[in-house]
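**Student:** Pasting a structure here, questions to come.
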Amino acid sequence: MTSAEEDGISPRTLKLAMAALVLVPVAVFVSWVVTEIMVQQTAGAPFCGSCHTMDAMVAAYQRDIHGGAGSEGVKAKCTHCHVPHDNPVTYMFMKTRFGLHDAWAQLTYDLDAIDWQAKRAHSEDYVFDSGCLQCHKDLQRASEASAVSFVAHRPYFLGTTTSQCVSCHDRVGHKNLSEQLARASEGE
Amino acid sequence: MNIIRKLSTIFIMLACSSGLAQEPGAVMDKDAGDLSSIKTIAVTRGLTEAGKNCISCHRDIDPGIVSDWKQSRHGHVGVSCIDCHAVPADSPTAIQHEDIFDMDEYDTSLLDRDVQISVLVPPSTCARCHAVEHEQFAASGHFRSYHQIIPKDNLHALVEVHEGRNIPELKTAPSETGCMQCHGTVIKLDDNGRPTPDTWPNAGMGNIYPNESTGNCSACHTRHKFSLAEARKPFACASCHLGPDHPDIEIFENSKHGHIYNTQGDEWTWDTAPGAWEPGDYRGPTCATCHMSGIGDLLTTHNISERLYWNGWAKRSEMRNSTDPMSPLLGNGPEGRKKMKQVCNSCHGTLHTDGFFEQADKAVKLYNVGYYDPAKKMLDELGEKGLLKDNPWTDEFQIVFYHLWHHEGRRARQGALMGAPDYAHWHGFFELQQDLYKLEELYEKRLETGKIE
């Protein structure tokens, strides 16, 4: 009897354990990388704009400060604003939900019948403060820099208003979207 | 020679003293009308480049507007024309100066093609900074000022067919010059995105703007001063709440509160910070004090339905019991009464307050059961028997019935609820008993003869 057998651990088990010790982290790492790549690849305008229904939104976005048209060239991705960022679980769940919905809609809906303008009236349902605040992290402190933004943002940070970011900044993210939507529907 | 020298000395002294007299004390109010002083203003502090550019031309073109603004709180904190009037290019109301106006006489180098403006400023714009006030307004009875009119066919018939004589190109005159100026309308735009003359200008409370935002902050805080002090004075409400059907300013003046205001109001402090305007700043309340202002532990509200028990304007007054701004019963009666009593108790003892509401409630109940119910019963019966005319405005029974609830009945109830004896009595219950006797006489005659007289 070998000492390993005496201890109750076979060489085979030992090998498997050693392999698992190496392979599991590798698999976790690889799946994390793959997931992250997938999440990133499906987050921005190139992916979202691959459906023609999004042409107007992408065109308006590219002309907007949030689409990189500002003097700094900083660019937000679609998901930065349109998926809640409360925590990673909600983020993944909602991103998957919205993604599946849009794929389903693309396949089964009468796409010409969608009134995109009317949908803008409830932008509070699909532009999330938690997204805005991911980048505008220090907005509360920054608001104190000018009397105008201080007065405007005070009720928001005090929690005395139910308004969301997009309630007031209602044209944020897509410059002259109405114009682009009109152009897109004329093009049909 | 001596006399001439003396006279000229006196003349110079007079000239100097009159000049001096204009200097300190009177400066603020004098400036408001002194257009020459406005043309010299050059505002740079705290404003954006685009904001300065507006002012540099408009101080000459619209000195009244710029004068208002420079005395406003907006002026103080650096909120200028462009902050409220700029809109995105794809807004339905967006215009550019060169596209609309003949700009030959003006310095167009200041104009930026990227900046689009709108003459209309909907409450959603005000809400960008005054979010809480806007939310409270949108939950109040003021919100439905115009919305409530939309489905009322009999009201449209009154103003267009009867008052407007159904003359196609003229029939909307009564509504445009009357209804719309207090209630507002759906603001329509011409091909250039400019509001049409049949819908603008108006100062109506319930305007529905092209972006569907409802309301009009400037109905009470008139442009371009948007003054807190102004809205605290009874005149802000009086421009709509007056006349035979809801003489609320007359009721206020008839009340002891109005008596005190009329004798001493010009000595009171009107511009205390929001929420901090308390007895001491004033000796008696105005409309705003009771219906809106923060007082004691009670917080300021732009929901004017919040402190009410009855709907004192309806055909029959009921306890408020709804959260829907479109409901005539919007509000919470018992909670509203509790809040209103909190206001009263800031100056009065509870014996006084409780007794006052007992008196007032009794009057409202008397109107309901003593006048409205029997009148409505007769109206319904005549209607069932075909004894009412199709045109209510030629039918004496229907005319008197209308006056009973819409004019006299409101005067009695609102007079009682706001402490105005002459409106509760002579303009109210005295007229009501006359109305009811008249209705009974007509009712009996029609039933007897089976005919409309």
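Numbering starts fresh at 1 for the residues of each chain in the structure tokens, the chains themselves are lettered A, B, ... in the order given, and ligands are numbered from 1 as they appear.
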Need to verify the contact set: Asp86 in chain A, 10 Å, only C-alpha atoms, exclusion of same-chain residues closer than 2 positions in sequence. Can you return it as a list in words?
**Tutor:**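 In the requested form, the answer reads Val83, Pro84, Pro88, Val89, Thr90, Tyr91, Phe128, Asp129, Ser130, Gly131 and Gln134 of chain A.
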**Student:** Please run DSSP on the backbone and report, as a PyMOL selection string, all residues within range 30-159 of chain B that come out as alpha helix (DSSP H).
**Tutor:** chain B and resi 30-33+35-38+49-61+63-70+73-77+81-85+97-100+123-126+131-138+144-147+153-156
**Student:** Pull out every residue of chain A sitting within 8 Å of chain B, counting only C-alpha atoms, and send them as a PDB file with all heavy atoms, in the first residue's frame.
**Tutor:**
ATOM      1  N   ALA A 147     -25.171  78.918  -9.255  1.00  0.00           N
ATOM      2  CA  ALA A 147     -26.462  79.170  -8.615  1.00  0.00           C
ATOM      3  C   ALA A 147     -27.576  78.471  -9.380  1.00  0.00           C
ATOM      4  O   ALA A 147     -28.493  77.917  -8.793  1.00  0.00           O
ATOM      5  CB  ALA A 147     -26.720  80.672  -8.548  1.00  0.00           C
ATOM      6  N   VAL A 148     -27.455  78.477 -10.698  1.00  0.00           N
ATOM      7  CA  VAL A 148     -28.520  77.936 -11.528  1.00  0.00           C
ATOM      8  C   VAL A 148     -28.668  76.427 -11.325  1.00  0.00           C
ATOM      9  O   VAL A 148     -29.744  75.921 -11.039  1.00  0.00           O
ATOM     10  CB  VAL A 148     -28.252  78.250 -13.019  1.00  0.00           C
ATOM     11  CG1 VAL A 148     -29.343  77.645 -13.881  1.00  0.00           C
ATOM     12  CG2 VAL A 148     -28.190  79.762 -13.232  1.00  0.00           C
ATOM     13  N   SER A 149     -27.553  75.699 -11.440  1.00  0.00           N
ATOM     14  CA  SER A 149     -27.679  74.247 -11.306  1.00  0.00           C
ATOM     15  C   SER A 149     -27.888  73.846  -9.851  1.00  0.00           C
ATOM     16  O   SER A 149     -28.491  72.821  -9.564  1.00  0.00           O
ATOM     17  CB  SER A 149     -26.481  73.529 -11.915  1.00  0.00           C
ATOM     18  OG  SER A 149     -25.311  73.890 -11.242  1.00  0.00           O
ATOM     19  N   VAL A 151     -29.866  75.448  -7.692  1.00  0.00           N
ATOM     20  CA  VAL A 151     -31.312  75.552  -7.476  1.00  0.00           C
ATOM     21  C   VAL A 151     -32.035  74.406  -8.175  1.00  0.00           C
ATOM     22  O   VAL A 151     -32.940  73.790  -7.632  1.00  0.00           O
ATOM     23  CB  VAL A 151     -31.841  76.916  -7.991  1.00  0.00           C
ATOM     24  CG1 VAL A 151     -33.362  76.929  -8.008  1.00  0.00           C
ATOM     25  CG2 VAL A 151     -31.313  78.045  -7.125  1.00  0.00           C
ATOM     26  N   ALA A 152     -31.580  74.092  -9.389  1.00  0.00           N
ATOM     27  CA  ALA A 152     -32.265  73.073 -10.173  1.00  0.00           C
ATOM     28  C   ALA A 152     -32.096  71.680  -9.574  1.00  0.00           C
ATOM     29  O   ALA A 152     -33.033  70.894  -9.547  1.00  0.00           O
ATOM     30  CB  ALA A 152     -31.737  73.096 -11.604  1.00  0.00           C
ATOM     31  N   HIS A 153     -30.903  71.352  -9.088  1.00  0.00           N
ATOM     32  CA  HIS A 153     -30.634  69.984  -8.643  1.00  0.00           C
ATOM     33  C   HIS A 153     -30.899  69.754  -7.166  1.00  0.00           C
ATOM     34  O   HIS A 153     -30.919  68.623  -6.707  1.00  0.00           O
ATOM     35  CB  HIS A 153     -29.186  69.601  -8.983  1.00  0.00           C
ATOM     36  CG  HIS A 153     -28.974  69.393 -10.455  1.00  0.00           C
ATOM     37  ND1 HIS A 153     -27.785  69.631 -11.084  1.00  0.00           N
ATOM     38  CD2 HIS A 153     -29.826  68.987 -11.432  1.00  0.00           C
ATOM     39  CE1 HIS A 153     -27.893  69.375 -12.379  1.00  0.00           C
ATOM     40  NE2 HIS A 153     -29.134  68.994 -12.617  1.00  0.00           N
ATOM     41  N   PRO A 155     -33.683  70.001  -5.207  1.00  0.00           N
ATOM     42  CA  PRO A 155     -34.789  69.101  -4.852  1.00  0.00           C
ATOM     43  C   PRO A 155     -34.523  67.650  -5.248  1.00  0.00           C
ATOM     44  O   PRO A 155     -34.988  66.729  -4.591  1.00  0.00           O
ATOM     45  CB  PRO A 155     -35.991  69.663  -5.619  1.00  0.00           C
ATOM     46  CG  PRO A 155     -35.503  70.762  -6.457  1.00  0.00           C
ATOM     47  CD  PRO A 155     -34.101  71.082  -6.084  1.00  0.00           C
ATOM     48  N   THR A 160     -36.916  65.515  -2.711  1.00  0.00           N
ATOM     49  CA  THR A 160     -38.256  66.101  -2.578  1.00  0.00           C
ATOM     50  C   THR A 160     -39.003  66.136  -3.910  1.00  0.00           C
ATOM     51  O   THR A 160     -40.143  66.557  -3.955  1.00  0.00           O
ATOM     52  CB  THR A 160     -38.187  67.537  -2.019  1.00  0.00           C
ATOM     53  OG1 THR A 160     -37.272  68.291  -2.813  1.00  0.00           O
ATOM     54  CG2 THR A 160     -37.734  67.540  -0.578  1.00  0.00           C
ATOM     55  N   THR A 161     -38.358  65.721  -4.983  1.00  0.00           N
ATOM     56  CA  THR A 161     -39.059  65.670  -6.261  1.00  0.00           C
ATOM     57  C   THR A 161     -39.036  64.243  -6.791  1.00  0.00           C
ATOM     58  O   THR A 161     -38.122  63.468  -6.476  1.00  0.00           O
ATOM     59  CB  THR A 161     -38.405  66.601  -7.306  1.00  0.00           C
ATOM     60  OG1 THR A 161     -39.055  66.408  -8.554  1.00  0.00           O
ATOM     61  CG2 THR A 161     -36.911  66.302  -7.476  1.00  0.00           C
ATOM     62  N   SER A 163     -39.050  63.827 -10.016  1.00  0.00           N
ATOM     63  CA  SER A 163     -38.474  63.977 -11.349  1.00  0.00           C
ATOM     64  C   SER A 163     -37.188  63.164 -11.477  1.00  0.00           C
ATOM     65  O   SER A 163     -36.401  63.089 -10.534  1.00  0.00           O
ATOM     66  CB  SER A 163     -38.145  65.444 -11.625  1.00  0.00           C
ATOM     67  OG  SER A 163     -39.322  66.179 -11.751  1.00  0.00           O
ATOM     68  N   SER A 167     -36.454  63.730 -16.984  1.00  0.00           N
ATOM     69  CA  SER A 167     -37.687  64.523 -16.918  1.00  0.00           C
ATOM     70  C   SER A 167     -37.389  65.955 -17.330  1.00  0.00           C
ATOM     71  O   SER A 167     -38.187  66.602 -18.004  1.00  0.00           O
ATOM     72  CB  SER A 167     -38.273  64.530 -15.511  1.00  0.00           C
ATOM     73  OG  SER A 167     -38.271  63.254 -14.945  1.00  0.00           O
ATOM     74  N   CYS A 168     -36.249  66.463 -16.881  1.00  0.00           N
ATOM     75  CA  CYS A 168     -35.879  67.838 -17.223  1.00  0.00           C
ATOM     76  C   CYS A 168     -34.972  67.879 -18.453  1.00  0.00           C
ATOM     77  O   CYS A 168     -35.128  68.728 -19.308  1.00  0.00           O
ATOM     78  CB  CYS A 168     -35.192  68.498 -16.044  1.00  0.00           C
ATOM     79  SG  CYS A 168     -36.234  68.540 -14.573  1.00  0.00           S
ATOM     80  N   HIS A 169     -34.010  66.964 -18.500  1.00  0.00           N
ATOM     81  CA  HIS A 169     -33.095  66.924 -19.644  1.00  0.00           C
ATOM     82  C   HIS A 169     -33.711  66.012 -20.701  1.00  0.00           C
ATOM     83  O   HIS A 169     -33.176  64.948 -21.019  1.00  0.00           O
ATOM     84  CB  HIS A 169     -31.723  66.422 -19.200  1.00  0.00           C
ATOM     85  CG  HIS A 169     -31.126  67.243 -18.091  1.00  0.00           C
ATOM     86  ND1 HIS A 169     -30.396  68.382 -18.338  1.00  0.00           N
ATOM     87  CD2 HIS A 169     -31.194  67.131 -16.748  1.00  0.00           C
ATOM     88  CE1 HIS A 169     -30.008  68.920 -17.174  1.00  0.00           C
ATOM     89  NE2 HIS A 169     -30.492  68.184 -16.195  1.00  0.00           N
ATOM     90  N   ARG A 171     -34.186  66.019 -23.863  1.00  0.00           N
ATOM     91  CA  ARG A 171     -33.658  65.775 -25.205  1.00  0.00           C
ATOM     92  C   ARG A 171     -32.238  65.224 -25.147  1.00  0.00           C
ATOM     93  O   ARG A 171     -31.524  65.231 -26.139  1.00  0.00           O
ATOM     94  CB  ARG A 171     -33.661  67.065 -26.036  1.00  0.00           C
ATOM     95  CG  ARG A 171     -35.016  67.729 -26.164  1.00  0.00           C
ATOM     96  CD  ARG A 171     -35.984  66.806 -26.870  1.00  0.00           C
ATOM     97  NE  ARG A 171     -37.299  67.411 -27.004  1.00  0.00           N
ATOM     98  CZ  ARG A 171     -37.772  67.956 -28.127  1.00  0.00           C
ATOM     99  NH1 ARG A 171     -37.037  67.981 -29.199  1.00  0.00           N
ATOM    100  NH2 ARG A 171     -38.983  68.464 -28.158  1.00  0.00           N
ATOM    101  N   LYS A 175     -29.374  64.250 -30.493  1.00  0.00           N
ATOM    102  CA  LYS A 175     -29.595  65.623 -30.956  1.00  0.00           C
ATOM    103  C   LYS A 175     -30.618  65.651 -32.092  1.00  0.00           C
ATOM    104  O   LYS A 175     -30.470  64.941 -33.085  1.00  0.00           O
ATOM    105  CB  LYS A 175     -28.275  66.240 -31.421  1.00  0.00           C
ATOM    106  CG  LYS A 175     -28.406  67.741 -31.610  1.00  0.00           C
ATOM    107  CD  LYS A 175     -27.076  68.388 -31.918  1.00  0.00           C
ATOM    108  CE  LYS A 175     -27.273  69.898 -32.009  1.00  0.00           C
ATOM    109  NZ  LYS A 175     -26.062  70.573 -32.416  1.00  0.00           N
ATOM    110  N   ASN A 176     -31.631  66.495 -31.929  1.00  0.00           N
ATOM    111  CA  ASN A 176     -32.677  66.659 -32.947  1.00  0.00           C
ATOM    112  C   ASN A 176     -33.257  65.330 -33.418  1.00  0.00           C
ATOM    113  O   ASN A 176     -33.350  65.060 -34.611  1.00  0.00           O
ATOM    114  CB  ASN A 176     -32.144  67.454 -34.152  1.00  0.00           C
ATOM    115  CG  ASN A 176     -31.770  68.860 -33.746  1.00  0.00           C
ATOM    116  OD1 ASN A 176     -32.274  69.364 -32.738  1.00  0.00           O
ATOM    117  ND2 ASN A 176     -30.890  69.479 -34.502  1.00  0.00           N
ATOM    118  N   LEU A 177     -33.647  64.542 -32.478  1.00  0.00           N
ATOM    119  CA  LEU A 177     -34.163  63.203 -32.785  1.00  0.00           C
ATOM    120  C   LEU A 177     -35.433  63.274 -33.639  1.00  0.00           C
ATOM    121  O   LEU A 177     -35.624  62.456 -34.542  1.00  0.00           O
ATOM    122  CB  LEU A 177     -34.422  62.431 -31.483  1.00  0.00           C
ATOM    123  CG  LEU A 177     -34.937  61.004 -31.627  1.00  0.00           C
ATOM    124  CD1 LEU A 177     -34.023  60.166 -32.517  1.00  0.00           C
ATOM    125  CD2 LEU A 177     -35.051  60.334 -30.251  1.00  0.00           C
ATOM    126  N   SER A 178     -36.285  64.282 -33.370  1.00  0.00           N
ATOM    127  CA  SER A 178     -37.529  64.415 -34.155  1.00  0.00           C
ATOM    128  C   SER A 178     -37.204  64.506 -35.641  1.00  0.00           C
ATOM    129  O   SER A 178     -37.834  63.862 -36.476  1.00  0.00           O
ATOM    130  CB  SER A 178     -38.300  65.666 -33.756  1.00  0.00           C
ATOM    131  OG  SER A 178     -38.598  65.633 -32.404  1.00  0.00           O
ATOM    132  N   GLU A 179     -36.195  65.338 -35.924  1.00  0.00           N
ATOM    133  CA  GLU A 179     -35.785  65.535 -37.314  1.00  0.00           C
ATOM    134  C   GLU A 179     -35.325  64.209 -37.928  1.00  0.00           C
ATOM    135  O   GLU A 179     -35.701  63.857 -39.044  1.00  0.00           O
ATOM    136  CB  GLU A 179     -34.610  66.511 -37.325  1.00  0.00           C
ATOM    137  CG  GLU A 179     -34.606  67.514 -38.444  1.00  0.00           C
ATOM    138  CD  GLU A 179     -33.551  68.575 -38.143  1.00  0.00           C
ATOM    139  OE1 GLU A 179     -32.362  68.262 -38.327  1.00  0.00           O
ATOM    140  OE2 GLU A 179     -33.931  69.683 -37.694  1.00  0.00           O
TER     141      GLU A 179
END
**Student:** Suppose you want the space between CA of Val186 in chain B and CA of His162 in chain B; what is it in Å?
**Tutor:**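 Distance reported for this atom pair: 22.1 Å.
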**Student:** Leaving out Asp112 in chain B and any residue of its chain fewer than 3 positions from it, which residues lie within 8 Å of it when counting only C-alpha atoms, given as number ranges by chain?
**Tutor:** B: 50, 109, 115
**Student:** Please provide as a count of residues only all residues within 8 Å of Val159 in chain B, with the sequence filter that same-chain residues fewer than 5 positions apart are discarded (counting only C-alpha atoms).
**Tutor:** 5
**Student:** Set the distance at 10 Å and use only C-alpha atoms: which residues neighbour range 49-66 of chain A once local chain neighbours fewer than 4 positions away are removed? I'd like the list as JSON, numbers by chain.
**Tutor:** {"A": [44, 45, 70, 71, 72, 73, 74, 75, 76, 77, 78, 81, 102, 103, 106, 111, 112, 114, 116, 171, 172, 173, 174, 175, 176, 177, 178, 179, 180, 181, 182, 183, 184, 185]}
**Student:** For Glu267 in chain B, list every protein, DNA or RNA residue within 12 Å, evaluated using only C-alpha atoms, and leave out those in the same chain fewer than 6 positions away; present the list as JSON, numbers by chain.
**Tutor:** {"B": [260, 261, 280, 281, 282, 283, 284]}
**Student:** Do a neighbour search on range 116-121 of chain B at 12 Å with only C-alpha atoms, toss out local chain neighbours closer than 3 positions, and write the hits as number ranges by chain.
**Tutor:** A: 176; B: 50-51, 54, 81-100, 111-113, 124-128, 187-189, 192-196, 199-203, 207-218, 223-224
**Student:** I'd like the interatomic distance between CA of Glu250 in chain B and CA of Leu228 in chain B, to a tenth of an Å.
**Tutor:**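 CA of Leu228 in chain B lies at a distance of 22.6 Å from CA of Glu250 in chain B.
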**Student:** Go ahead and compute the interatomic distance for CA of Tyr156 in chain A and CA of Gly67 in chain A, in Å to one decimal.
**Tutor:** 25.3 Å
